[in-house]
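Asks: To start, I am sharing the structure in question, which I have written as structure tokens.
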Amino acid sequence: MIHQFTHDDLPDLHALSDQAGWEHTPADWHTLLKSGSAFGHRNESGRAISSCVLTAFGNTMTALGMLIVCEENRRLGLAKDLMRHAIKSANPDAHPLILCSGKSVEGFYESFGFKTVERLSKLEAGPNILVPDSGFSSKIDSRSWSAEILKRVVGLDAQVHACDRSTLLTIRAEQAASKTVLLKQGTETLLGYGFGILQGKQLLIGPVIAFNRFTAQEIVRQLIKDHSGSVRIDVMDQRQDLKEVLLEAGFVEVERQPIMLLGATELPGRRDHIFSPTSQAWC
Ligand SMILES: CC(C)(COP(=O)(O)OP(=O)(O)OC[C@H]1O[C@@H](n2cnc3c(N)ncnc32)[C@H](O)[C@@H]1OP(=O)(O)O)[C@@H](O)C(=O)NCCC(=O)NCCS
């Protein structure tokens with residue numbers, strides 16, 4: 001039987017992602033539970049032993065993430081059970097379902113009809129990494145976070161993703177350790193924005209939504225400049241230009257992963273402005 005999870009399950013859910021070797025913190029799970037719907041199986045003592053999170057973006061599409069089954073309970077069909085439940089409740093014929101798959105489980109998702117539509121590269125760097133000036137830093141102004149900026153960020157994000165991600169962005173922004181918003185110098189033209197999320201000593205960068213590679217590079221540069229620990233960023237395949245800059249700066253590609261879709265053949269919006277997703281749970 002599949003149960004709906006609440007904040008009371010947060011310690012169990014964090015233990016699950018920890019056991020899977022994922023970097024999610026209790027604060028990440030708080031954001032997941034607040035912006036989406038988490039469900040899974042419980043054992044006889046009530047402990048959560050599997051998880052899946054659906055996050056609806058307005059009435060347009062839904063992201064599926066955090067599919068995990070506790071090691072002791074694998075190969076019993078629990079993940080298949082979670083996927084059947086997720087697909088039934090998300091109704092992908094009306095609202096396409098998107099996910100970022102681990103490389104080895106692409107075939108598992110294909111068996112439910114998901115098709116790979118994009119890929120991303122997971123990049124990591126050790127402490128004190130520096131990203132060079134793009135050459136455009138003098139043409140860009142930074143703006144500090146405010147309710148007014150959030151409204152404008154949500155508007156830009158809706159144009160890029162072609163769906164309403166305002167709930168997720170509002171909650172993730174509260175969690176973010178750093179946020180960068182860039183404007184064209186001397187104007188009110190919004191060029192892009194990005195968040196940095198602290199996961200222990202690591203800073204996870206994402207989303208990075210930007211007008212072009214130069215702006216994206218400036219966003220990443222600003223987000224990591226005061227961080228002395230390691231850094232991770234997932235870069236979309238269509239932005240090889242940013243990936244090359246980061247590899248040159250010292251980042252290392254750890255994995256290349258598929259982004260998969262059910263209920264549509266291609267993603268809407270202006271995806272070439274997405275340099276980095278908000279996180280793999282919300283591609
Ligand atoms: C992937 C995972 C969720 C599967 O859970 P599960 O309950 O063991 O899966 P099921 O028993 O429902 O198996 C479904 C099918 O998935 C495939 N599968 C399961 N685990 C797999 C793995 N580690 N690698 C590749 N394929 C796998 C198999 O085809 C399996 O069918 P089979 O047992 O008849 O061969 C689980 O191994 C897990 O939590 N892994 C760590 C977290 C993770 O990688 N999640 C996926 C993120 S995209």
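Each chain of the structure tokens is named A, B, ... in the order shown, its residues numbered from 1; ligands are numbered from 1 in display order.
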Please identify every polymer residue within 9 Å of ligand 1, using only C-alpha atoms and all ligand atoms, and present the set as a PyMOL selection string.
Replies: chain A and resi 16-17+19-22+50-51+65-71+73-83+99-109+111+280
Asks: With only C-alpha atoms as the counted atoms, please give the residues lying no more than 8 Å from A:Gln4, apart from itself and same-chain residues fewer than 4 positions off, as a list in words.
Replies: Ser37, Ala38, Phe39 and Gly40 of chain A
Asks: Excluding same-chain residues fewer than 5 positions from A:Val231, what lies within 7 Å of it counting only C-alpha atoms, as a list of chain:residue names?
Replies: A:Glu124, A:Ala125, A:Gly126, A:Gln202, A:Leu203, A:Leu204
Asks: Taking the DSSP secondary structure from the backbone, can you list the residues of stretch 80-215 of chain A that are alpha helix (DSSP H), as a PyMOL selection string?
Replies: chain A and resi 80-90+106-110+147-161+166-175+213-215
Asks: Suppose we keep C-alpha atoms; can you now write the selection as an mmCIF file, in the first residue's frame?
Replies:
data_model
loop_
_atom_site.group_PDB
_atom_site.id
_atom_site.type_symbol
_atom_site.label_atom_id
_atom_site.label_comp_id
_atom_site.auth_asym_id
_atom_site.auth_seq_id
_atom_site.Cartn_x
_atom_site.Cartn_y
_atom_site.Cartn_z
ATOM 1 C CA LYS A 80 7.266 -0.330 -10.252
ATOM 2 C CA ASP A 81 4.391 0.111 -7.796
ATOM 3 C CA LEU A 82 5.444 3.744 -7.116
ATOM 4 C CA MET A 83 5.679 4.494 -10.842
ATOM 5 C CA ARG A 84 2.210 3.085 -11.534
ATOM 6 C CA HIS A 85 0.824 5.222 -8.684
ATOM 7 C CA ALA A 86 2.709 8.343 -9.865
ATOM 8 C CA ILE A 87 1.548 7.994 -13.475
ATOM 9 C CA LYS A 88 -2.051 7.413 -12.432
ATOM 10 C CA SER A 89 -2.131 10.469 -10.164
ATOM 11 C CA ALA A 90 -0.158 12.794 -12.482
ATOM 12 C CA GLU A 106 16.838 4.769 -18.183
ATOM 13 C CA GLY A 107 15.501 1.392 -19.367
ATOM 14 C CA PHE A 108 13.291 1.110 -16.284
ATOM 15 C CA TYR A 109 11.589 4.423 -17.089
ATOM 16 C CA GLU A 110 11.377 3.485 -20.794
ATOM 17 C CA ALA A 147 9.373 40.475 -3.293
ATOM 18 C CA GLU A 148 9.387 42.606 -6.447
ATOM 19 C CA ILE A 149 12.389 40.730 -7.913
ATOM 20 C CA LEU A 150 10.784 37.379 -7.068
ATOM 21 C CA LYS A 151 7.733 38.440 -9.084
ATOM 22 C CA ARG A 152 9.921 39.334 -12.062
ATOM 23 C CA VAL A 153 11.970 36.123 -11.730
ATOM 24 C CA VAL A 154 8.740 34.088 -11.701
ATOM 25 C CA GLY A 155 7.619 35.903 -14.877
ATOM 26 C CA LEU A 156 10.902 35.222 -16.690
ATOM 27 C CA ASP A 157 10.899 31.622 -15.481
ATOM 28 C CA ALA A 158 7.357 31.115 -16.842
ATOM 29 C CA GLN A 159 8.444 32.333 -20.289
ATOM 30 C CA VAL A 160 11.449 30.003 -20.307
ATOM 31 C CA HIS A 161 9.691 26.887 -18.958
ATOM 32 C CA SER A 166 6.058 30.119 -8.808
ATOM 33 C CA THR A 167 5.382 27.891 -5.774
ATOM 34 C CA LEU A 168 8.599 25.942 -6.195
ATOM 35 C CA LEU A 169 10.693 29.049 -6.892
ATOM 36 C CA THR A 170 9.302 30.898 -3.867
ATOM 37 C CA ILE A 171 10.046 28.002 -1.512
ATOM 38 C CA ARG A 172 13.447 27.147 -3.033
ATOM 39 C CA ALA A 173 14.477 30.824 -2.863
ATOM 40 C CA GLU A 174 13.770 30.777 0.893
ATOM 41 C CA GLN A 175 16.086 27.770 1.218
ATOM 42 C CA ARG A 213 26.386 32.120 -21.946
ATOM 43 C CA PHE A 214 28.102 35.285 -20.706
ATOM 44 C CA THR A 215 25.281 36.047 -18.278
#
Asks: Restricting the calculation to only C-alpha atoms, which member of A:Asn59, A:Thr180, A:Ser134, A:Thr6 is positioned closest to A:Gly206?
Replies: A:Thr180
Asks: Which residues are close to stretch 221-229 of chain A, i.e. within 8 Å by only C-alpha atoms, leaving aside same-chain residues fewer than 5 positions away? Reply as a short mmCIF file (atom, residue, chain, number, x, y, z; two decimals) with N, CA and C atoms, in the first residue's frame.
Replies:
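Saved as around.cif:
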data_model
loop_
_atom_site.label_atom_id
_atom_site.label_comp_id
_atom_site.auth_asym_id
_atom_site.auth_seq_id
_atom_site.Cartn_x
_atom_site.Cartn_y
_atom_site.Cartn_z
N GLY A 126 36.29 20.88 -6.65
CA GLY A 126 36.75 20.89 -5.25
C GLY A 126 36.67 22.30 -4.67
N PRO A 127 37.12 22.45 -3.41
CA PRO A 127 37.03 23.74 -2.74
C PRO A 127 37.81 24.85 -3.47
N ASN A 128 37.36 26.06 -3.29
CA ASN A 128 38.02 27.27 -3.79
C ASN A 128 38.12 27.37 -5.31
N ILE A 129 37.21 26.75 -6.01
CA ILE A 129 37.18 26.87 -7.47
C ILE A 129 36.78 28.31 -7.85
N LEU A 130 37.39 28.81 -8.91
CA LEU A 130 37.05 30.16 -9.39
C LEU A 130 36.64 30.06 -10.85
N VAL A 131 35.59 30.78 -11.21
CA VAL A 131 35.18 30.84 -12.61
C VAL A 131 35.62 32.20 -13.14
N PRO A 132 36.28 32.25 -14.30
CA PRO A 132 36.78 33.54 -14.79
C PRO A 132 35.69 34.51 -15.21
N ASP A 133 36.04 35.78 -15.22
CA ASP A 133 35.15 36.84 -15.71
C ASP A 133 34.79 36.51 -17.16
N SER A 178 22.48 31.37 -1.40
CA SER A 178 22.83 32.56 -2.19
C SER A 178 21.93 32.64 -3.41
N LYS A 179 21.65 33.86 -3.81
CA LYS A 179 20.81 34.09 -5.00
C LYS A 179 21.45 35.22 -5.79
N THR A 180 21.48 35.08 -7.11
CA THR A 180 22.04 36.14 -7.95
C THR A 180 21.00 36.53 -9.00
N GLY A 194 20.03 32.97 -10.61
CA GLY A 194 20.51 31.65 -10.19
C GLY A 194 20.48 31.53 -8.68
N PHE A 195 20.39 30.27 -8.20
CA PHE A 195 20.39 29.99 -6.76
C PHE A 195 21.58 29.08 -6.44
N GLY A 196 22.09 29.23 -5.21
CA GLY A 196 23.08 28.30 -4.67
C GLY A 196 22.50 27.68 -3.41
N LYS A 201 28.98 20.82 3.07
CA LYS A 201 30.01 21.78 2.64
C LYS A 201 29.93 22.07 1.15
N GLN A 202 29.05 21.34 0.45
CA GLN A 202 28.93 21.53 -1.00
C GLN A 202 27.85 22.55 -1.36
N LEU A 203 28.17 23.36 -2.36
CA LEU A 203 27.15 24.29 -2.87
C LEU A 203 26.61 23.71 -4.17
N ILE A 205 24.58 24.40 -7.39
CA ILE A 205 24.12 25.54 -8.19
C ILE A 205 22.91 25.11 -9.03
#
Asks: Which of these, A:Gly186, A:Gly135, A:Pro207, A:Pro96, has the shortest distance to A:Leu267 once you count only C-alpha atoms?
Replies: A:Pro96
Asks: I'd like the contact shell of A:Asp234 - 6 Å cut-off, only C-alpha atoms, skipping same-chain residues fewer than 2 positions apart - returned as a PDB file with C-alpha atoms, in the first residue's frame.
Replies:
ATOM      1  CA  SER A 121      26.052  16.683 -17.340  1.00  0.00           C
ATOM      2  CA  LYS A 122      26.746  16.569 -13.635  1.00  0.00           C
ATOM      3  CA  LEU A 123      29.879  18.656 -12.970  1.00  0.00           C
ATOM      4  CA  SER A 276      21.123  24.436 -15.176  1.00  0.00           C
TER       5      SER A 276
END
